[in-house]
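Below is the file upload-v1.cif, which contains mmCIF, C-alpha atoms.
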```cif
data_protein
#
loop_
_atom_site.label_atom_id
_atom_site.label_comp_id
_atom_site.auth_asym_id
_atom_site.auth_seq_id
_atom_site.Cartn_x
_atom_site.Cartn_y
_atom_site.Cartn_z
CA MET J 1 0.00 0.00 0.00
CA THR J 2 1.97 2.95 -1.27
CA ASP J 3 -0.54 5.39 -2.71
CA ARG J 4 -3.88 6.89 -1.70
CA GLN J 5 -6.58 8.42 -3.84
CA GLU J 6 -4.86 11.79 -3.72
CA PRO J 7 -1.55 11.57 -5.64
CA GLN J 8 -0.09 14.53 -3.75
CA LEU J 9 0.49 12.33 -0.70
CA GLY J 10 2.59 9.21 -0.57
CA LEU J 11 2.08 6.51 2.04
CA GLN J 12 4.23 3.52 2.87
CA LEU J 13 3.76 1.11 5.74
CA ILE J 14 6.95 -0.11 7.41
CA PRO J 15 6.44 -2.90 9.97
CA VAL J 16 8.89 -2.57 12.87
CA THR J 17 9.77 -4.39 16.10
CA PRO J 18 9.03 -8.05 16.86
CA PHE J 19 5.39 -6.99 17.25
CA GLN J 20 5.27 -6.00 13.54
CA GLN J 21 3.83 -2.59 14.34
CA ASN J 22 2.71 -0.60 11.30
CA CYS J 23 4.84 2.51 11.24
CA SER J 24 3.50 4.78 8.49
CA LEU J 25 5.65 7.07 6.39
CA LEU J 26 3.42 9.79 4.97
CA TRP J 27 4.81 12.48 2.69
CA ASP J 28 3.96 15.39 0.41
CA ARG J 29 5.06 14.45 -3.11
CA GLU J 30 5.53 18.10 -4.08
CA THR J 31 7.87 19.10 -1.26
CA MET J 32 9.08 15.58 -0.31
CA GLU J 33 8.58 16.48 3.33
CA GLY J 34 7.05 13.80 5.47
CA VAL J 35 6.16 12.40 8.86
CA PHE J 36 6.46 9.08 10.61
CA VAL J 37 3.31 7.94 12.39
CA ASP J 38 4.23 5.66 15.31
CA ALA J 39 7.97 5.23 14.88
CA GLY J 40 8.04 2.32 17.29
CA GLY J 41 11.58 1.07 16.73
CA GLU J 42 14.27 0.07 14.23
CA ALA J 43 15.27 3.66 13.57
CA ASP J 44 17.91 2.58 11.05
CA LYS J 45 15.31 0.74 8.99
CA LEU J 46 12.86 3.64 9.06
CA MET J 47 15.45 6.24 8.11
CA SER J 48 16.75 4.00 5.33
CA VAL J 49 13.29 3.86 3.74
CA ALA J 50 12.89 7.63 4.04
CA ASP J 51 16.33 8.22 2.53
CA GLN J 52 15.68 5.83 -0.36
CA LEU J 53 12.45 7.65 -1.18
CA GLY J 54 14.08 11.06 -0.79
CA VAL J 55 11.73 12.08 2.03
CA THR J 56 12.82 14.64 4.63
CA ILE J 57 11.27 13.86 8.00
CA LYS J 58 9.73 17.02 9.44
CA GLU J 59 7.66 15.61 12.31
CA LEU J 60 6.96 12.42 14.23
CA TRP J 61 3.34 11.74 15.18
CA LEU J 62 2.45 9.28 17.96
CA THR J 63 -0.98 7.74 18.54
CA HIS J 64 -0.13 6.36 21.98
CA GLY J 65 2.71 5.55 24.33
CA HIS J 66 3.14 1.78 24.11
CA LEU J 67 6.67 0.52 23.58
CA ASP J 68 6.13 -0.72 20.00
CA HIS J 69 4.61 2.57 18.87
CA ALA J 70 6.89 5.13 20.50
CA GLY J 71 10.19 3.36 21.18
CA GLY J 72 12.07 4.65 18.11
CA ALA J 73 10.82 8.23 18.13
CA ASP J 74 13.50 9.78 20.35
CA GLU J 75 16.38 8.42 18.25
CA ILE J 76 14.83 9.70 15.03
CA ARG J 77 14.20 13.08 16.63
CA GLU J 78 17.89 13.21 17.57
CA ARG J 79 18.95 12.34 14.01
CA THR J 80 16.59 14.64 12.15
CA GLY J 81 15.65 17.41 14.56
CA ALA J 82 12.00 16.63 13.84
CA PRO J 83 9.70 17.30 16.80
CA ILE J 84 7.66 14.53 18.38
CA ILE J 85 3.96 15.39 18.45
CA GLY J 86 1.48 13.36 20.48
CA PRO J 87 -0.01 11.46 22.02
CA HIS J 88 -2.26 12.95 24.70
CA LYS J 89 -0.48 13.78 27.96
CA ASP J 90 -2.29 10.94 29.76
CA ASP J 91 0.11 8.48 28.09
CA GLN J 92 3.31 10.04 29.43
CA TRP J 93 3.55 7.37 32.15
CA LEU J 94 3.86 4.76 29.39
CA MET J 95 6.55 6.69 27.53
CA ASP J 96 8.51 7.03 30.77
CA ASP J 97 8.65 3.22 30.95
CA ILE J 98 9.56 2.21 27.38
CA LYS J 99 13.11 1.06 28.12
CA GLN J 100 12.04 -0.97 31.13
CA GLN J 101 9.19 -2.59 29.24
CA TRP J 102 11.46 -3.59 26.35
CA ALA J 103 13.98 -4.99 28.84
CA LYS J 104 11.32 -7.48 29.93
CA TYR J 105 11.48 -8.86 26.38
CA GLY J 106 15.27 -9.00 26.49
CA VAL J 107 15.74 -5.89 24.33
CA THR J 108 18.18 -3.49 25.97
CA GLU J 109 19.67 -1.65 22.98
CA GLY J 110 17.74 0.82 20.84
CA PRO J 111 14.42 1.69 22.49
CA ARG J 112 14.31 4.95 24.42
CA ASN J 113 11.88 6.67 26.72
CA VAL J 114 10.38 9.74 25.14
CA VAL J 115 8.94 13.08 26.15
CA PRO J 116 7.07 14.67 23.23
CA ASP J 117 7.68 18.23 22.12
CA ARG J 118 3.92 18.70 22.06
CA TYR J 119 1.00 16.74 23.45
CA LEU J 120 -2.23 16.45 21.50
CA GLU J 121 -5.77 17.25 22.60
CA ASP J 122 -9.12 16.36 21.11
CA GLY J 123 -9.80 18.80 18.26
CA ASP J 124 -6.16 19.69 17.57
CA GLU J 125 -4.85 19.90 14.01
CA LEU J 126 -1.67 18.71 12.32
CA LYS J 127 -0.29 19.93 9.00
CA LEU J 128 1.50 18.12 6.20
CA GLY J 129 1.93 20.17 3.05
CA ASN J 130 -1.47 21.51 2.05
CA TYR J 131 -3.27 18.90 4.14
CA THR J 132 -4.73 19.35 7.60
CA PHE J 133 -5.23 16.31 9.82
CA GLY J 134 -7.64 16.28 12.72
CA VAL J 135 -7.03 14.74 16.13
CA LEU J 136 -9.45 12.75 18.27
CA HIS J 137 -8.74 11.71 21.85
CA THR J 138 -9.78 8.04 21.92
CA PRO J 139 -9.06 6.45 25.32
CA GLY J 140 -9.80 2.84 26.19
CA HIS J 141 -6.72 0.97 24.97
CA THR J 142 -4.58 3.55 26.74
CA PRO J 143 -5.84 6.69 28.49
CA GLY J 144 -3.95 9.05 26.19
CA HIS J 145 -4.56 7.39 22.83
CA VAL J 146 -5.33 9.64 19.86
CA VAL J 147 -6.52 9.01 16.31
CA ILE J 148 -5.19 11.18 13.47
CA TYR J 149 -7.41 11.55 10.41
CA ASN J 150 -8.17 13.48 7.23
CA LYS J 151 -11.73 13.27 5.92
CA ASP J 152 -10.87 14.73 2.50
CA ILE J 153 -8.54 11.86 1.62
CA LYS J 154 -10.63 9.42 3.70
CA LEU J 155 -7.73 8.18 5.81
CA ALA J 156 -7.25 7.61 9.53
CA PHE J 157 -4.33 6.37 11.62
CA VAL J 158 -5.99 4.58 14.53
CA GLY J 159 -3.07 3.01 16.38
CA ASP J 160 -4.38 0.16 18.51
CA VAL J 161 -7.96 1.38 18.96
CA LEU J 162 -9.46 -0.61 16.09
CA PHE J 163 -8.36 -3.51 13.91
CA LYS J 164 -9.82 -5.42 11.00
CA GLY J 165 -12.18 -7.78 12.78
CA SER J 166 -11.10 -6.80 16.27
CA ILE J 167 -10.42 -3.96 18.70
CA GLY J 168 -7.52 -2.96 20.92
CA ARG J 169 -6.72 -4.84 24.09
CA THR J 170 -8.16 -3.45 27.30
CA ASP J 171 -6.45 -5.78 29.78
CA PHE J 172 -3.35 -3.58 29.98
CA PRO J 173 -3.01 -1.13 32.89
CA ARG J 174 -5.54 1.73 32.61
CA GLY J 175 -7.40 0.07 29.75
CA ASP J 176 -11.19 -0.06 29.79
CA MET J 177 -13.54 -1.92 27.45
CA ASP J 178 -16.57 0.36 27.80
CA THR J 179 -14.40 3.43 27.24
CA LEU J 180 -12.83 1.89 24.12
CA VAL J 181 -16.17 0.92 22.58
CA ASN J 182 -17.45 4.43 23.30
CA SER J 183 -14.38 5.97 21.63
CA ILE J 184 -14.91 3.89 18.51
CA THR J 185 -18.65 4.39 18.18
CA THR J 186 -18.86 8.07 19.13
CA LYS J 187 -15.56 9.38 17.71
CA LEU J 188 -14.64 7.18 14.73
CA TRP J 189 -17.95 6.10 13.20
CA PRO J 190 -19.17 9.70 12.65
CA LEU J 191 -16.17 10.30 10.36
CA GLY J 192 -17.90 8.15 7.73
CA ASN J 193 -18.08 4.58 6.48
CA ASP J 194 -15.74 5.33 3.59
CA ILE J 195 -12.76 6.13 5.81
CA THR J 196 -9.87 3.71 5.32
CA PHE J 197 -7.98 3.18 8.56
CA ILE J 198 -4.40 2.11 9.14
CA PRO J 199 -4.22 0.08 12.35
CA GLY J 200 -1.16 -0.45 14.49
CA HIS J 201 -0.94 -4.08 13.37
CA ASN J 202 -2.15 -6.26 10.50
CA GLN J 203 -4.30 -5.17 7.56
CA HIS J 204 -6.15 -1.96 6.87
CA SER J 205 -9.92 -1.83 6.56
CA THR J 206 -12.74 0.71 6.42
CA PHE J 207 -15.02 1.96 9.16
CA GLY J 208 -18.01 0.84 7.11
CA HIS J 209 -16.72 -2.71 6.83
CA GLU J 210 -16.14 -2.89 10.57
CA ARG J 211 -19.59 -1.50 11.33
CA GLN J 212 -21.00 -4.44 9.37
CA THR J 213 -18.69 -7.27 10.41
CA ASN J 214 -16.62 -6.50 13.51
CA PRO J 215 -17.78 -8.85 16.31
CA PHE J 216 -16.98 -6.24 18.98
CA VAL J 217 -18.20 -2.93 17.56
CA SER J 218 -20.45 -3.65 14.59
CA ASP J 219 -23.80 -1.87 14.76
CA ASN J 220 -25.49 -5.17 15.63
CA ALA J 221 -22.92 -6.03 18.32
CA VAL J 222 -23.28 -2.61 19.96
CA ALA J 223 -27.08 -2.85 19.87
CA ARG J 224 -26.95 -6.26 21.58
CA LEU J 225 -24.60 -4.90 24.22
CA LYS J 226 -26.88 -1.96 24.96
CA ALA J 227 -29.88 -4.29 25.22
CA GLN J 228 -28.04 -6.50 27.69
CA GLN J 229 -27.05 -3.51 29.78
CA GLN J 230 -30.64 -2.27 29.88
CA GLN J 231 -31.87 -5.70 31.01
CA GLN J 232 -29.36 -5.67 33.85
CA GLN J 233 -30.52 -2.29 35.13
#
```
Please, can you express the file's structure as structure tokens?
Amino acid sequence: MTDRQEPQLGLQLIPVTPFQQNCSLLWDRETMEGVFVDAGGEADKLMSVADQLGVTIKELWLTHGHLDHAGGADEIRERTGAPIIGPHKDDQWLMDDIKQQWAKYGVTEGPRNVVPDRYLEDGDELKLGNYTFGVLHTPGHTPGHVVIYNKDIKLAFVGDVLFKGSIGRTDFPRGDMDTLVNSITTKLWPLGNDITFIPGHNQHSTFGHERQTNPFVSDNAVARLKAQQQQQQ
């Protein structure tokens, strides 16, 4: 997946870390300036792809603070001078613990803790070339998770909130199932069924497809959940 409907923007997914996290390289074809979304690790690999494509990294955008999404951002910031933007401040506790969390997997070289240059809030905007991306605060998987989207090009970077056929885990510290389902149904679905989303892992999909088929947050699944909750009251 290298191109979107709008030819002015290029997009390349670069899986990184043993978790195969989808780092996205998004760039303006006119200026060849770009951003990494969720530079989770393997900074050498990410910079090699950017260099081969001739893309100058201007910013790093983070959807949340988990080790496989944020662990490579500080090194790339040091190399490029690009500021780290996001996630919401409520994920700083996770970014303070990246090195320790990776050490539990036996990885002691490479990942770094990170303090962003700017936190993101619901309703904020990000710029890339002539394009403006919106920001939604979408807690549930983590308390400070954000989704970055552009309705004009029908594209959203959803981190680990939503997956094709699934949703993000809520059994991690400070995760919450009800909060996650609410984030998806009240923040993401209103963007439109035709939005293609890039998840943190595995294949992309559309919001419309998930509203029809996702066993956790399809319209039918949410209706059943609400009915069960009403019966219990």
Here is a test: counting all atoms listed in the file, which residue of J:Thr196, J:Thr213, J:Thr206, J:Thr138 is nearest to J:Val181? J:Thr138
Applied to this file, what does the PyMOL selection byres ((chain J and resi 125) around 10) return in terms of residues, put as a list of chain:residue names?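 In the shown coordinates, the PyMOL selection byres ((chain J and resi 125) around 10) covers J:Leu120, J:Glu121, J:Asp122, J:Gly123, J:Asp124, J:Leu126, J:Lys127, J:Thr132, J:Phe133, J:Gly134, J:Val135, J:Leu136, J:Ile148, J:Tyr149, J:Asn150.
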Between atom CA of J:Trp27 and atom CA of J:His209 - distance in Å to one decimal: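 About the pair atom CA of J:His209 and atom CA of J:Trp27: they are 26.7 Å apart.
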Which residues, protein or nucleic acid, reach to within 12 Å of (-9.5, 6.5, 20.2) in the file's coordinates when using all atoms listed in the file, and can you give that as a ChimeraX atom specification? /J:63-64,87-88,121-122,135-149,156-163,167-168,175-177,179-189,199
Counting all atoms listed in the file, which residues sit no farther than 9 Å from the position (0.4, 0.7, 14.5) in the file's frame? I'd like them as JSON, numbers by chain. {"J": [15, 20, 21, 22, 23, 24, 37, 38, 39, 40, 63, 68, 69, 157, 158, 159, 160, 198, 199, 200, 201, 202]}
As an exercise, work out the distance from atom CA of J:Glu59 to atom CA of J:Glu33 in Å and give it to one decimal place. 9.1 Å
Distance atom CA of J:Gly65-atom CA of J:Pro215, one decimal place?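 One can read the atom CA of J:Gly65 to atom CA of J:Pro215 distance as 26.3 Å.
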Between J:Gln203, J:Ser48, J:Gln8, J:Thr17, which residue has the minimum interatomic distance to J:Arg29, considering all atoms listed in the file?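 Of the candidates, the smallest distance to J:Arg29 is held by J:Gln8.
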Can you spell out as number ranges by chain the set of residues that the PyMOL selection byres ((chain J and resi 116) around 9) selects in the structure I just provided? J: 62, 74, 83-87, 89, 92, 114-115, 117-119
Show which residues sit within 9 Å of J:Asn214, as a JSON list (two decimals) with C-alpha atoms, keeping the file's coordinate frame. Count all atoms listed in the file, and ignore same-chain residues fewer than 2 positions away.
```
[["chain", "number", "residue", "atom", "x", "y", "z"],
["J", 163, "PHE", "CA", -8.36, -3.51, 13.91],
["J", 164, "LYS", "CA", -9.82, -5.42, 11.00],
["J", 165, "GLY", "CA", -12.18, -7.78, 12.78],
["J", 166, "SER", "CA", -11.10, -6.80, 16.27],
["J", 167, "ILE", "CA", -10.42, -3.96, 18.70],
["J", 209, "HIS", "CA", -16.72, -2.71, 6.83],
["J", 210, "GLU", "CA", -16.14, -2.89, 10.57],
["J", 211, "ARG", "CA", -19.59, -1.50, 11.33],
["J", 212, "GLN", "CA", -21.00, -4.44, 9.37],
["J", 216, "PHE", "CA", -16.98, -6.24, 18.98],
["J", 217, "VAL", "CA", -18.20, -2.93, 17.56],
["J", 218, "SER", "CA", -20.45, -3.65, 14.59],
["J", 219, "ASP", "CA", -23.80, -1.87, 14.76],
["J", 221, "ALA", "CA", -22.92, -6.03, 18.32]]
```
Nearest to J:Val107, chosen from J:Gly208, J:Gly10, J:Gly41, J:Gly81, with only C-alpha atoms counted in the distances: J:Gly41
Shortest contact to J:His66, candidates J:His204, J:Arg79, J:Arg169, J:Arg224, atoms counted all atoms listed in the file, goes to J:Arg169
For J:Ile98, please output as JSON, numbers by chain all residues within 8 Å (counting all atoms listed in the file; exclusion window: fewer than 3 positions along the same chain). {"J": [66, 67, 70, 71, 94, 95, 101, 102, 111, 112, 113, 114]}
